Amino acid sequence: MNSTTTALVTGANKGLGRETVRSLAAKGWRVFLAARDADRGKTAAAELAESGADVEFVHLDVTSAESVAAAVAAVRERTDHLDVLVNNAAIGGTFAAPPECVAADFREVFETNVFGVVEVTHAFLPLLRAAAVPRIVMVSSGIGSLSRTSDPERIESTLLGLPYPSSKTALLAITSQYARALPEFRINAVDPGYTATDLNNNSGLQTVTEGTDAIVGLASIGPDGPTCGFFDRVGPVPW
C-alpha cells in the first residue's frame with residue numbers, strides 16, 4: 001500500500017479550503033484540491049503546485065451524485081487509500097430575519113452544507129477505510145453551536161439567521177453520529193472562527209491561516225487523537 005499521507009478537501013479553490021490544502025501539502029502530503037468550479041480549481045491547484053507541493057485538482061460538485069461518484073473514481077485511479085477527508089464546501093444563503101425566511105431559502109444551503117457532506121462522506125468511505133488512521137474533519141461554525149448562540153455574552157448570539165446556522169447545527173449532529181458509528185475513525189467538527197473569507201465579505205478578524213489551525217490540527221491527529229468532538233483553534237467548543 002502507498003504510504004504517502006493523502007487528503008481531499010472540498011470547496012478548496014479559495015479561502016479556508018485552499019489554505020487547508022496549502023498547509024497539508026506543506027507537510028509533504030498528497031492533497032486533492034476538490035472544487036465545483038473547474039477553472040478556478042485547476043488554477044488554484046496549479047498555483048500551489050508551482051512551489052513543489054503535491055497538489056492535484058479533482059472536479060467535485062458536492063450537490064451532484066454523479067460528480068461525487070466521478071471524483072471518487074478519479075481519486076481511486078491515483079491512490080489506493082484516503083487518510084483524510086475535509087468536508088469544507090459550504091454556501092451562506094440568505095441572512096434575512098428569521099420571520100422573513102421561507103422553506104425555499106433552506107433548500108440550496110442544505111443541499112451543499114448538509115446533504116452534500118453526507119453524499120461525499122458515504123462515497124469516500126471505502127477509500128478512507130483503506131487508510132491506517134482514517135480522519136474526517138467537518139467544517140462547521142460557532143454559529144451552529146446551540147450553547148454559543150444562546151449565550152448573550154457571545155457574538156454568535158447576535159447573529160440571527162435560519163438556513164446557514166441551522167445547516168451548521170445539523171452538521172454537528174451528523175459528526176456525532178458518524179463518529180459513534182465508526183469508532184475506528186477519528187471524526188471531528190471544527191469552528192474556524194470569524195475568519196476573513198468571501199462568505200462574510202472578508203469582514204472576519206482572523207486570517208485564513210488562523211482559521212485553518214484547527215482543521216489542519218485535527219486532520220493530522222493519530223489513532224489516539226480525539227473523536228466525536230467540536231473544536232476551534234483554542235480548544236473544545238460546546239455543542
# chains A, B, ... in the order shown; residues from 1 in each chain; ligands from 1

$ residues_around --residues "Val114 of chain A" --least-positions-apart "4" --cutoff "8 Å" --atoms "only C-alpha atoms" --output "compact mmCIF listing (two decimals) with N, CA, C and O atoms, in the first residue's frame"
# COMPACT_ATOMS: atom_id res chain seq x y z
N VAL A 109 -28.99 25.82 0.51
CA VAL A 109 -27.99 25.78 1.58
C VAL A 109 -27.82 24.36 2.10
O VAL A 109 -26.70 23.87 2.26
N PHE A 110 -28.92 23.68 2.36
CA PHE A 110 -28.84 22.32 2.89
C PHE A 110 -28.31 21.34 1.84
O PHE A 110 -27.64 20.36 2.19
N VAL A 118 -22.99 14.45 3.43
CA VAL A 118 -23.33 13.03 3.56
C VAL A 118 -23.02 12.28 2.26
O VAL A 118 -22.47 11.18 2.27
N SER A 167 -27.94 24.77 9.25
CA SER A 167 -27.19 23.77 8.49
C SER A 167 -25.93 23.36 9.25
O SER A 167 -25.52 22.20 9.23
N LYS A 168 -25.30 24.32 9.94
CA LYS A 168 -24.09 24.02 10.69
C LYS A 168 -24.40 23.28 11.99
O LYS A 168 -23.58 22.49 12.48
N ALA A 170 -26.92 21.13 12.14
CA ALA A 170 -27.17 19.78 11.61
C ALA A 170 -25.86 19.05 11.38
O ALA A 170 -25.75 17.84 11.65
N LEU A 171 -24.85 19.78 10.90
CA LEU A 171 -23.55 19.15 10.65
C LEU A 171 -22.92 18.64 11.94
O LEU A 171 -22.23 17.62 11.94

$ residues_around --residues "Phe124 of chain A" --least-positions-apart "2" --cutoff "12 Å" --atoms "only C-alpha atoms" --output "VMD selection string"
chain A and resid 7 to 9 68 to 76 80 to 87 117 to 122 126 to 131 134 to 136

$ write_last_selection --atoms "N, CA, C and O atoms" --output "CSV table (one decimal), in the first residue's frame"
chain,number,residue,atom,x,y,z
A,7,ALA,N,-5.0,13.3,1.3
A,7,ALA,CA,-6.1,14.1,1.9
A,7,ALA,C,-6.9,14.7,0.7
A,7,ALA,O,-6.3,14.9,-0.4
A,8,LEU,N,-8.2,14.9,0.9
A,8,LEU,CA,-9.0,15.5,-0.1
A,8,LEU,C,-9.8,16.6,0.7
A,8,LEU,O,-10.4,16.4,1.8
A,9,VAL,N,-9.8,17.8,0.1
A,9,VAL,CA,-10.5,19.0,0.7
A,9,VAL,C,-11.6,19.5,-0.3
A,9,VAL,O,-11.2,19.8,-1.4
A,68,VAL,N,-19.9,13.4,-7.6
A,68,VAL,CA,-19.2,12.8,-6.4
A,68,VAL,C,-18.7,11.4,-6.8
A,68,VAL,O,-17.5,11.1,-6.5
A,69,ALA,N,-19.5,10.6,-7.5
A,69,ALA,CA,-19.0,9.3,-8.0
A,69,ALA,C,-17.8,9.4,-8.9
A,69,ALA,O,-16.8,8.6,-8.8
A,70,ALA,N,-17.8,10.4,-9.8
A,70,ALA,CA,-16.7,10.6,-10.7
A,70,ALA,C,-15.4,11.0,-10.0
A,70,ALA,O,-14.3,10.6,-10.3
A,71,ALA,N,-15.6,11.8,-8.9
A,71,ALA,CA,-14.5,12.3,-8.1
A,71,ALA,C,-13.9,11.1,-7.4
A,71,ALA,O,-12.6,11.0,-7.3
A,72,VAL,N,-14.7,10.2,-6.8
A,72,VAL,CA,-14.2,9.0,-6.2
A,72,VAL,C,-13.4,8.2,-7.2
A,72,VAL,O,-12.3,7.7,-6.8
A,73,ALA,N,-13.9,8.0,-8.4
A,73,ALA,CA,-13.2,7.2,-9.4
A,73,ALA,C,-11.9,7.8,-9.7
A,73,ALA,O,-10.9,7.2,-9.9
A,74,ALA,N,-11.9,9.2,-9.9
A,74,ALA,CA,-10.6,9.9,-10.2
A,74,ALA,C,-9.6,9.7,-9.1
A,74,ALA,O,-8.4,9.5,-9.4
A,75,VAL,N,-10.0,9.8,-7.9
A,75,VAL,CA,-9.0,9.7,-6.8
A,75,VAL,C,-8.5,8.2,-6.7
A,75,VAL,O,-7.4,8.0,-6.5
A,76,ARG,N,-9.5,7.3,-6.9
A,76,ARG,CA,-9.1,5.9,-6.8
A,76,ARG,C,-8.0,5.5,-7.9
A,76,ARG,O,-7.2,4.6,-7.7
A,80,ASP,N,-4.6,4.3,-3.5
A,80,ASP,CA,-5.4,3.2,-3.0
A,80,ASP,C,-6.0,3.4,-1.7
A,80,ASP,O,-6.6,2.5,-1.1
A,81,HIS,N,-5.8,4.7,-1.1
A,81,HIS,CA,-6.4,5.0,0.2
A,81,HIS,C,-6.6,6.5,0.3
A,81,HIS,O,-5.9,7.2,-0.4
A,82,LEU,N,-7.4,6.9,1.2
A,82,LEU,CA,-7.5,8.3,1.6
A,82,LEU,C,-7.4,8.4,3.1
A,82,LEU,O,-8.3,7.9,3.8
A,83,ASP,N,-6.4,9.1,3.6
A,83,ASP,CA,-6.2,9.2,5.0
A,83,ASP,C,-7.2,10.3,5.6
A,83,ASP,O,-7.7,10.1,6.7
A,84,VAL,N,-7.4,11.3,4.9
A,84,VAL,CA,-8.2,12.5,5.5
A,84,VAL,C,-9.2,13.0,4.5
A,84,VAL,O,-8.8,13.3,3.3
A,85,LEU,N,-10.4,13.2,4.9
A,85,LEU,CA,-11.4,13.9,4.2
A,85,LEU,C,-11.8,15.2,4.9
A,85,LEU,O,-12.2,15.1,6.1
A,86,VAL,N,-11.7,16.3,4.3
A,86,VAL,CA,-12.1,17.6,4.9
A,86,VAL,C,-13.3,18.1,4.2
A,86,VAL,O,-13.3,18.5,3.0
A,87,ASN,N,-14.5,18.0,4.9
A,87,ASN,CA,-15.7,18.5,4.3
A,87,ASN,C,-15.8,20.0,4.6
A,87,ASN,O,-16.4,20.4,5.6
A,117,VAL,N,-22.4,16.9,2.3
A,117,VAL,CA,-21.5,16.3,3.2
A,117,VAL,C,-21.7,14.8,3.3
A,117,VAL,O,-20.8,14.0,3.3
A,118,VAL,N,-23.0,14.4,3.4
A,118,VAL,CA,-23.3,13.0,3.6
A,118,VAL,C,-23.0,12.3,2.3
A,118,VAL,O,-22.5,11.2,2.3
A,119,GLU,N,-23.3,12.9,1.1
A,119,GLU,CA,-23.1,12.3,-0.2
A,119,GLU,C,-21.6,12.0,-0.3
A,119,GLU,O,-21.1,10.9,-0.7
A,120,VAL,N,-20.8,13.0,0.0
A,120,VAL,CA,-19.3,12.9,-0.2
A,120,VAL,C,-18.7,11.9,0.8
A,120,VAL,O,-17.9,11.0,0.4
A,121,THR,N,-19.1,12.0,2.1
A,121,THR,CA,-18.6,11.1,3.1
A,121,THR,C,-18.9,9.6,2.8
A,121,THR,O,-18.0,8.8,2.8
A,122,HIS,N,-20.2,9.4,2.4
A,122,HIS,CA,-20.6,8.0,2.1
A,122,HIS,C,-19.8,7.5,0.9
A,122,HIS,O,-19.3,6.3,0.9
A,126,PRO,N,-15.1,3.8,1.4
A,126,PRO,CA,-14.2,2.7,1.1
A,126,PRO,C,-12.7,3.1,1.0
A,126,PRO,O,-11.9,2.4,1.5
A,127,LEU,N,-12.4,4.2,0.4
A,127,LEU,CA,-11.0,4.7,0.4
A,127,LEU,C,-10.5,5.1,1.7
A,127,LEU,O,-9.3,4.8,2.1
A,128,LEU,N,-11.4,5.7,2.6
A,128,LEU,CA,-11.0,6.0,3.9
A,128,LEU,C,-10.7,4.7,4.8
A,128,LEU,O,-9.8,4.7,5.5
A,129,ARG,N,-11.6,3.7,4.6
A,129,ARG,CA,-11.4,2.5,5.3
A,129,ARG,C,-10.1,1.8,5.0
A,129,ARG,O,-9.6,1.0,5.8
A,130,ALA,N,-9.5,2.1,3.8
A,130,ALA,CA,-8.2,1.5,3.4
A,130,ALA,C,-7.0,2.2,4.1
A,130,ALA,O,-5.9,1.7,4.0
A,131,ALA,N,-7.3,3.3,4.8
A,131,ALA,CA,-6.2,4.0,5.5
A,131,ALA,C,-6.0,3.4,6.9
A,131,ALA,O,-6.8,2.8,7.5
A,134,PRO,N,-8.0,6.6,9.5
A,134,PRO,CA,-8.9,7.5,8.7
A,134,PRO,C,-9.4,8.6,9.5
A,134,PRO,O,-9.9,8.4,10.7
A,135,ARG,N,-9.3,9.8,9.0
A,135,ARG,CA,-9.8,11.0,9.7
A,135,ARG,C,-10.8,11.8,8.8
A,135,ARG,O,-10.6,11.9,7.6
A,136,ILE,N,-11.8,12.3,9.4
A,136,ILE,CA,-12.8,13.2,8.7
A,136,ILE,C,-12.9,14.4,9.5
A,136,ILE,O,-13.2,14.4,10.8

$ atom_distance --atom1 "atom CA of Arg30 of chain A" --atom2 "atom CA of Glu47 of chain A"
15.1 Å

$ atom_distance --atom1 "atom CA of Asn88 of chain A" --atom2 "atom CA of Leu48 of chain A"
18.1 Å

$ select_by_dssp --residues "segment 58-229 of chain A" --states "alpha helix (DSSP H)" --output "PyMOL selection string"
chain A and resi 65-78+104-110+116-129+146-149+163-181+208-211+213-219

$ write_last_selection --atoms "C-alpha atoms" --output "CSV table (one decimal), in the first residue's frame"
chain,number,residue,atom,x,y,z
A,65,ALA,CA,-24.2,12.4,-7.0
A,66,GLU,CA,-22.8,11.8,-10.5
A,67,SER,CA,-20.0,14.4,-9.8
A,68,VAL,CA,-19.2,12.8,-6.4
A,69,ALA,CA,-19.0,9.3,-8.0
A,70,ALA,CA,-16.7,10.6,-10.7
A,71,ALA,CA,-14.5,12.3,-8.1
A,72,VAL,CA,-14.2,9.0,-6.2
A,73,ALA,CA,-13.2,7.2,-9.4
A,74,ALA,CA,-10.6,9.9,-10.2
A,75,VAL,CA,-9.0,9.7,-6.8
A,76,ARG,CA,-9.1,5.9,-6.8
A,77,GLU,CA,-7.1,6.0,-10.1
A,78,ARG,CA,-4.3,7.9,-8.3
A,104,ALA,CA,-37.2,27.6,-0.2
A,105,ASP,CA,-34.4,29.6,1.5
A,106,PHE,CA,-33.2,26.4,3.1
A,107,ARG,CA,-33.0,24.1,0.1
A,108,GLU,CA,-29.9,25.3,-1.7
A,109,VAL,CA,-28.0,25.8,1.6
A,110,PHE,CA,-28.8,22.3,2.9
A,116,GLY,CA,-23.5,17.2,0.1
A,117,VAL,CA,-21.5,16.3,3.2
A,118,VAL,CA,-23.3,13.0,3.6
A,119,GLU,CA,-23.1,12.3,-0.2
A,120,VAL,CA,-19.3,12.9,-0.2
A,121,THR,CA,-18.6,11.1,3.1
A,122,HIS,CA,-20.6,8.0,2.1
A,123,ALA,CA,-18.9,7.8,-1.3
A,124,PHE,CA,-15.3,8.1,0.1
A,125,LEU,CA,-15.8,5.6,2.9
A,126,PRO,CA,-14.2,2.7,1.1
A,127,LEU,CA,-11.0,4.7,0.4
A,128,LEU,CA,-11.0,6.0,3.9
A,129,ARG,CA,-11.4,2.5,5.3
A,146,LEU,CA,-26.6,26.0,20.4
A,147,SER,CA,-24.6,26.7,23.5
A,148,ARG,CA,-22.8,29.7,22.0
A,149,THR,CA,-25.8,31.1,20.1
A,163,PRO,CA,-30.6,28.5,6.8
A,164,TYR,CA,-26.9,28.7,7.4
A,165,PRO,CA,-26.8,28.4,11.2
A,166,SER,CA,-29.2,25.5,11.2
A,167,SER,CA,-27.2,23.8,8.5
A,168,LYS,CA,-24.1,24.0,10.7
A,169,THR,CA,-26.0,22.7,13.7
A,170,ALA,CA,-27.2,19.8,11.6
A,171,LEU,CA,-23.6,19.2,10.6
A,172,LEU,CA,-22.6,18.9,14.3
A,173,ALA,CA,-25.3,16.2,14.8
A,174,ILE,CA,-24.0,14.4,11.7
A,175,THR,CA,-20.5,14.5,13.0
A,176,SER,CA,-21.6,12.9,16.3
A,177,GLN,CA,-23.5,10.1,14.6
A,178,TYR,CA,-20.7,9.2,12.2
A,179,ALA,CA,-18.1,9.3,15.0
A,180,ARG,CA,-20.0,6.9,17.2
A,181,ALA,CA,-20.9,4.6,14.3
A,208,VAL,CA,-7.3,32.2,6.7
A,209,THR,CA,-4.2,30.6,8.2
A,210,GLU,CA,-5.6,31.2,11.7
A,211,GLY,CA,-9.0,30.0,10.5
A,213,ASP,CA,-5.4,26.0,12.5
A,214,ALA,CA,-8.0,23.6,14.0
A,215,ILE,CA,-8.8,22.0,10.6
A,216,VAL,CA,-5.1,21.2,10.0
A,217,GLY,CA,-4.6,20.1,13.6
A,218,LEU,CA,-7.5,17.6,13.5
A,219,ALA,CA,-6.5,16.4,10.1

$ closest_residue --among "A:Thr212, A:Thr207, A:Asp191, A:Thr227" --to "Arg22 of chain A" --atoms "only C-alpha atoms"
A:Thr212

$ atom_distance --atom1 "atom CA of Glu156 of chain A" --atom2 "atom CA of Gly142 of chain A"
6.7 Å
